[in-house]
Every structure is written in structure tokens, then in C-alpha cells.
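Notes follow once the structure below has been shown.
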Amino acid sequence: MTSYSASAFTQSAPQVSSDSSHLDENIRIAANTCTGVQHHVADIAVFLTKVLRCSFFAERHRMFVQDPLPFFIAKIVNATTPHVLDMGAVIDVAHILLMRLFESNRFAGAAWSGHQLFLSAFSIAAQQQPDPHAAVSINNCVFWSKLSKFTVEEVHGMQRRLFGELKGQVWVFSEVMEKVMQSPLMQLRARWRQEDEEIRLEKRSRSLRGRLATFLRCH
């Protein structure tokens, strides 16, 4: 994953503009509102605007006005943070999905808006790590519609479109966990657990035999 640091962005006066002289500053300002995941937010915003070359602004014909892309990203991240287990991991997975899309279609940034790309990737990633104790369900397109100002139909369509373009390869957490579980260290841990269980059962068996022998002697 290409790494960008929010601290490396320029220190020019804040302005909402798509000009390159102001883009980095806008990304930095937006990212700094996302406590604990500033670098993650900056990375994905830079990838969308500088690699995929998505527009800084939302589509003009929309009924509801959406924030410029970095601030749109920050708003979605902050609103979703209470409802997921690990926001940094969620953003990383969304970033991975966008990189997979770029690898399969270098012109994806022209076929999608940045707002569409981010929301579709991020919503799919977030649903892989929901907080089971959260009061709000993030598996509902209505949740993402209210946050993003896309319609429910648009949200559903974007998710299906990304799923299709990535040929269903969107479940990053399960892939990572499968690799982790197959690693030698995890297999070694499993063997230790099995050996520990066998030792525990043997100790319990010896204890029961000892108690039975004592009981028989006393009677």
C-alpha cells in the first residue's frame, strides 16, 4: 500500500479548492478531524485524488449537496467510528479494495466519482467489522444513504457494482484470518493448546483415581 503521511502535507492557508496547491491542505485539514486514524484517512484520500484521479467535488447535478471529497470521507469515517470494532482496519480494507479495482481497471476514477468509490468500498469494509454492541446496524443501506446523501437505491447499486467489478473478492478480513490461521505459528499454538488440554485431562484423571482409591481404603 502506498504510504502518505498527513504531516507531510503543505501548510498553506486552508481553502476548499481542487487546485493542486490547495488539495494537500484540504486533505490534511479533513484527516485531522478523524482522531486516531488521521494517516489512514489521508492515505485513502490521496489515493482517490492523485492515483485514481477522482474529482475533488461531488457531481453537480445531485439533489443534495455533498461535501468535497476529503471532507466527505472524514464525515463518513467519524459518523461510523462508534459502530465498528477497528476503524483503522476498516479504512485499510477499503483502501485495499480500491487498489484491487485500480489494478483491474486503471480508468476506474473516470468511470466512478470519488464519492461513489469511497462509499462503496468503505461501506463494504465496515460491514466486515461491525461492533456487535452498536445501537445502529451498518448493514442497512439506509444508514449509508443518510450519511452520504446518496439514495438508498444508489448505495445498493454502488455496492453491487463494486462487488461485481472485483468479482466478489471483497472479504479481506476473512482472507487475512485464513492466512493467519494457516501460519506455522498459529498451528504451533493449536498444538500447544491440544497438548495443554491433554495434560489437563490426564491430571484430572489422576486426581479422580486418587480420590477413588482413598474412598475405597476408608470403606
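FYI, nothing fancy with the C-alpha cells labels: chains A, B, ... in order, residues from 1 per chain, ligands from 1 as they appear.
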Contacts of range 67-79 of chain A within 7 Å, only C-alpha atoms, excl. fewer than 5 positions in-chain, as a PyMOL selection string: chain A and resi 26-27+30-31+33-34+45+56-58+114-115+147
Requested write-out: N, CA and C atoms of the selected residues, as a compact mmCIF listing (two decimals), in the first residue's frame:
```txt
# COMPACT_ATOMS: atom_id res chain seq x y z
N ASN A 26 -6.32 20.71 2.10
CA ASN A 26 -7.69 20.27 2.38
C ASN A 26 -7.72 18.84 2.91
N ILE A 27 -6.88 17.98 2.34
CA ILE A 27 -6.80 16.60 2.83
C ILE A 27 -6.30 16.58 4.26
N ALA A 30 -9.05 17.84 6.67
CA ALA A 30 -10.11 16.83 6.83
C ALA A 30 -9.62 15.65 7.65
N ALA A 31 -8.41 15.17 7.35
CA ALA A 31 -7.87 14.00 8.05
C ALA A 31 -7.69 14.27 9.53
N THR A 33 -9.45 15.81 11.51
CA THR A 33 -10.69 15.74 12.30
C THR A 33 -11.01 14.30 12.71
N CYS A 34 -10.25 13.36 12.19
CA CYS A 34 -10.50 11.93 12.45
C CYS A 34 -9.48 11.42 13.46
N ALA A 45 -7.61 9.28 0.88
CA ALA A 45 -7.99 10.49 0.15
C ALA A 45 -6.98 10.80 -0.95
N PHE A 56 -12.34 16.28 -7.00
CA PHE A 56 -12.40 16.77 -5.62
C PHE A 56 -13.84 17.05 -5.21
N PHE A 57 -14.63 17.52 -6.16
CA PHE A 57 -16.02 17.90 -5.88
C PHE A 57 -16.99 16.79 -6.29
N ALA A 58 -18.15 16.80 -5.64
CA ALA A 58 -19.21 15.84 -5.98
C ALA A 58 -19.85 16.24 -7.31
N GLY A 114 -15.33 10.02 -7.05
CA GLY A 114 -14.60 9.67 -5.84
C GLY A 114 -15.52 9.37 -4.68
N HIS A 115 -16.63 10.09 -4.61
CA HIS A 115 -17.60 9.87 -3.54
C HIS A 115 -18.22 8.48 -3.66
N LEU A 147 -26.01 9.15 5.70
CA LEU A 147 -24.69 9.75 5.89
C LEU A 147 -24.16 10.41 4.62
```
Enumerate the residues of range 21-114 of chain A with a DSSP assignment of helix (DSSP H, G or I), computed from the backbone, and present them as a PDB file with C-alpha atoms, in the first residue's frame.
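Contents of the output file selection04.pdb:
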```
ATOM      1  CA  SER A  21      -1.767  23.955  -4.355  1.00  0.00           C
ATOM      2  CA  HIS A  22      -4.734  23.587  -2.001  1.00  0.00           C
ATOM      3  CA  LEU A  23      -5.591  19.891  -2.340  1.00  0.00           C
ATOM      4  CA  ASP A  24      -2.996  18.639   0.144  1.00  0.00           C
ATOM      5  CA  GLU A  25      -4.035  21.219   2.713  1.00  0.00           C
ATOM      6  CA  ASN A  26      -7.690  20.273   2.379  1.00  0.00           C
ATOM      7  CA  ILE A  27      -6.801  16.599   2.825  1.00  0.00           C
ATOM      8  CA  ARG A  28      -4.720  17.412   5.899  1.00  0.00           C
ATOM      9  CA  ILE A  29      -7.482  19.502   7.460  1.00  0.00           C
ATOM     10  CA  ALA A  30     -10.108  16.835   6.827  1.00  0.00           C
ATOM     11  CA  ALA A  31      -7.873  13.997   8.052  1.00  0.00           C
ATOM     12  CA  GLN A  38      -5.597  10.681  10.527  1.00  0.00           C
ATOM     13  CA  HIS A  39      -2.964   8.918   8.425  1.00  0.00           C
ATOM     14  CA  HIS A  40      -5.422   6.273   7.235  1.00  0.00           C
ATOM     15  CA  VAL A  41      -7.863   8.962   6.078  1.00  0.00           C
ATOM     16  CA  ALA A  42      -5.112  10.953   4.386  1.00  0.00           C
ATOM     17  CA  ASP A  43      -3.804   7.851   2.596  1.00  0.00           C
ATOM     18  CA  ILE A  44      -7.132   6.892   1.079  1.00  0.00           C
ATOM     19  CA  ALA A  45      -7.989  10.491   0.148  1.00  0.00           C
ATOM     20  CA  VAL A  46      -4.642  10.859  -1.622  1.00  0.00           C
ATOM     21  CA  PHE A  47      -5.119   7.542  -3.412  1.00  0.00           C
ATOM     22  CA  LEU A  48      -8.530   8.608  -4.693  1.00  0.00           C
ATOM     23  CA  THR A  49      -7.491  12.079  -5.820  1.00  0.00           C
ATOM     24  CA  LYS A  50      -3.917  11.519  -7.011  1.00  0.00           C
ATOM     25  CA  VAL A  51      -3.817   7.897  -8.176  1.00  0.00           C
ATOM     26  CA  LEU A  69     -14.182  14.518  -1.223  1.00  0.00           C
ATOM     27  CA  PRO A  70     -11.710  14.753   1.736  1.00  0.00           C
ATOM     28  CA  PHE A  71     -14.407  16.235   3.987  1.00  0.00           C
ATOM     29  CA  PHE A  72     -16.956  13.710   2.728  1.00  0.00           C
ATOM     30  CA  ILE A  73     -14.536  10.930   3.706  1.00  0.00           C
ATOM     31  CA  ALA A  74     -13.886  12.441   7.144  1.00  0.00           C
ATOM     32  CA  LYS A  75     -17.606  12.866   7.817  1.00  0.00           C
ATOM     33  CA  ILE A  76     -18.375   9.240   6.922  1.00  0.00           C
ATOM     34  CA  VAL A  77     -15.438   7.950   9.000  1.00  0.00           C
ATOM     35  CA  ASN A  78     -16.343   9.952  12.103  1.00  0.00           C
ATOM     36  CA  ALA A  79     -20.017   9.008  11.915  1.00  0.00           C
ATOM     37  CA  THR A  80     -19.204   5.312  11.515  1.00  0.00           C
ATOM     38  CA  THR A  81     -16.440   5.030  14.134  1.00  0.00           C
ATOM     39  CA  PRO A  82     -18.801   4.180  17.051  1.00  0.00           C
ATOM     40  CA  HIS A  83     -20.285   1.305  15.065  1.00  0.00           C
ATOM     41  CA  MET A  87     -11.740   1.994  12.216  1.00  0.00           C
ATOM     42  CA  GLY A  88      -8.097   1.930  11.118  1.00  0.00           C
ATOM     43  CA  ALA A  89      -8.516  -1.631   9.856  1.00  0.00           C
ATOM     44  CA  VAL A  90     -11.773  -0.741   8.094  1.00  0.00           C
ATOM     45  CA  ILE A  91     -10.137   2.138   6.201  1.00  0.00           C
ATOM     46  CA  ASP A  92      -7.189  -0.095   5.295  1.00  0.00           C
ATOM     47  CA  VAL A  93      -9.551  -2.714   3.863  1.00  0.00           C
ATOM     48  CA  ALA A  94     -11.411  -0.046   1.872  1.00  0.00           C
ATOM     49  CA  HIS A  95      -8.019   1.111   0.561  1.00  0.00           C
ATOM     50  CA  ILE A  96      -7.155  -2.459  -0.451  1.00  0.00           C
ATOM     51  CA  LEU A  97     -10.456  -2.784  -2.325  1.00  0.00           C
ATOM     52  CA  LEU A  98      -9.755   0.447  -4.204  1.00  0.00           C
ATOM     53  CA  MET A  99      -6.256  -0.750  -5.098  1.00  0.00           C
ATOM     54  CA  ARG A 100      -7.707  -4.018  -6.401  1.00  0.00           C
ATOM     55  CA  LEU A 101     -10.131  -2.022  -8.535  1.00  0.00           C
ATOM     56  CA  PHE A 102      -7.299   0.149  -9.860  1.00  0.00           C
ATOM     57  CA  GLU A 103      -5.251  -2.938 -10.728  1.00  0.00           C
ATOM     58  CA  SER A 104      -8.176  -4.352 -12.704  1.00  0.00           C
ATOM     59  CA  ALA A 108     -11.929   3.437 -12.673  1.00  0.00           C
ATOM     60  CA  GLY A 109     -11.527   7.024 -11.477  1.00  0.00           C
ATOM     61  CA  ALA A 110     -13.146   8.249 -14.685  1.00  0.00           C
ATOM     62  CA  ALA A 111     -15.969   5.702 -14.550  1.00  0.00           C
ATOM     63  CA  GLY A 114     -14.596   9.667  -5.844  1.00  0.00           C
TER      64      GLY A 114
END
```
Residues within 12 Å of Gly164 in chain A, only C-alpha atoms, excluding chain neighbours under 5 positions, as a PyMOL selection string: chain A and resi 101+104+120+157-159+169-170
Those residues with N, CA and C atoms, as an mmCIF file, in the first residue's frame please?
```
data_model
loop_
_atom_site.group_PDB
_atom_site.id
_atom_site.type_symbol
_atom_site.label_atom_id
_atom_site.label_comp_id
_atom_site.auth_asym_id
_atom_site.auth_seq_id
_atom_site.Cartn_x
_atom_site.Cartn_y
_atom_site.Cartn_z
ATOM 1 N N LEU A 101 -9.364 -2.562 -7.416
ATOM 2 C CA LEU A 101 -10.131 -2.022 -8.535
ATOM 3 C C LEU A 101 -9.205 -1.325 -9.523
ATOM 4 N N SER A 104 -7.347 -3.722 -11.673
ATOM 5 C CA SER A 104 -8.176 -4.352 -12.704
ATOM 6 C C SER A 104 -8.683 -3.351 -13.735
ATOM 7 N N SER A 120 -18.711 3.085 -1.563
ATOM 8 C CA SER A 120 -18.931 1.669 -1.866
ATOM 9 C C SER A 120 -17.870 0.800 -1.203
ATOM 10 N N GLY A 157 -26.845 0.018 -5.408
ATOM 11 C CA GLY A 157 -26.290 -0.172 -6.743
ATOM 12 C C GLY A 157 -24.777 -0.067 -6.772
ATOM 13 N N MET A 158 -24.216 0.884 -6.008
ATOM 14 C CA MET A 158 -22.762 1.053 -5.966
ATOM 15 C C MET A 158 -22.081 -0.153 -5.329
ATOM 16 N N GLN A 159 -22.669 -0.657 -4.246
ATOM 17 C CA GLN A 159 -22.091 -1.827 -3.587
ATOM 18 C C GLN A 159 -22.099 -3.035 -4.519
ATOM 19 N N GLN A 169 -14.303 -10.502 -4.837
ATOM 20 C CA GLN A 169 -13.120 -10.552 -3.966
ATOM 21 C C GLN A 169 -13.092 -9.332 -3.040
ATOM 22 N N VAL A 170 -14.022 -9.286 -2.112
ATOM 23 C CA VAL A 170 -14.144 -8.118 -1.242
ATOM 24 C C VAL A 170 -14.002 -8.455 0.239
#
```
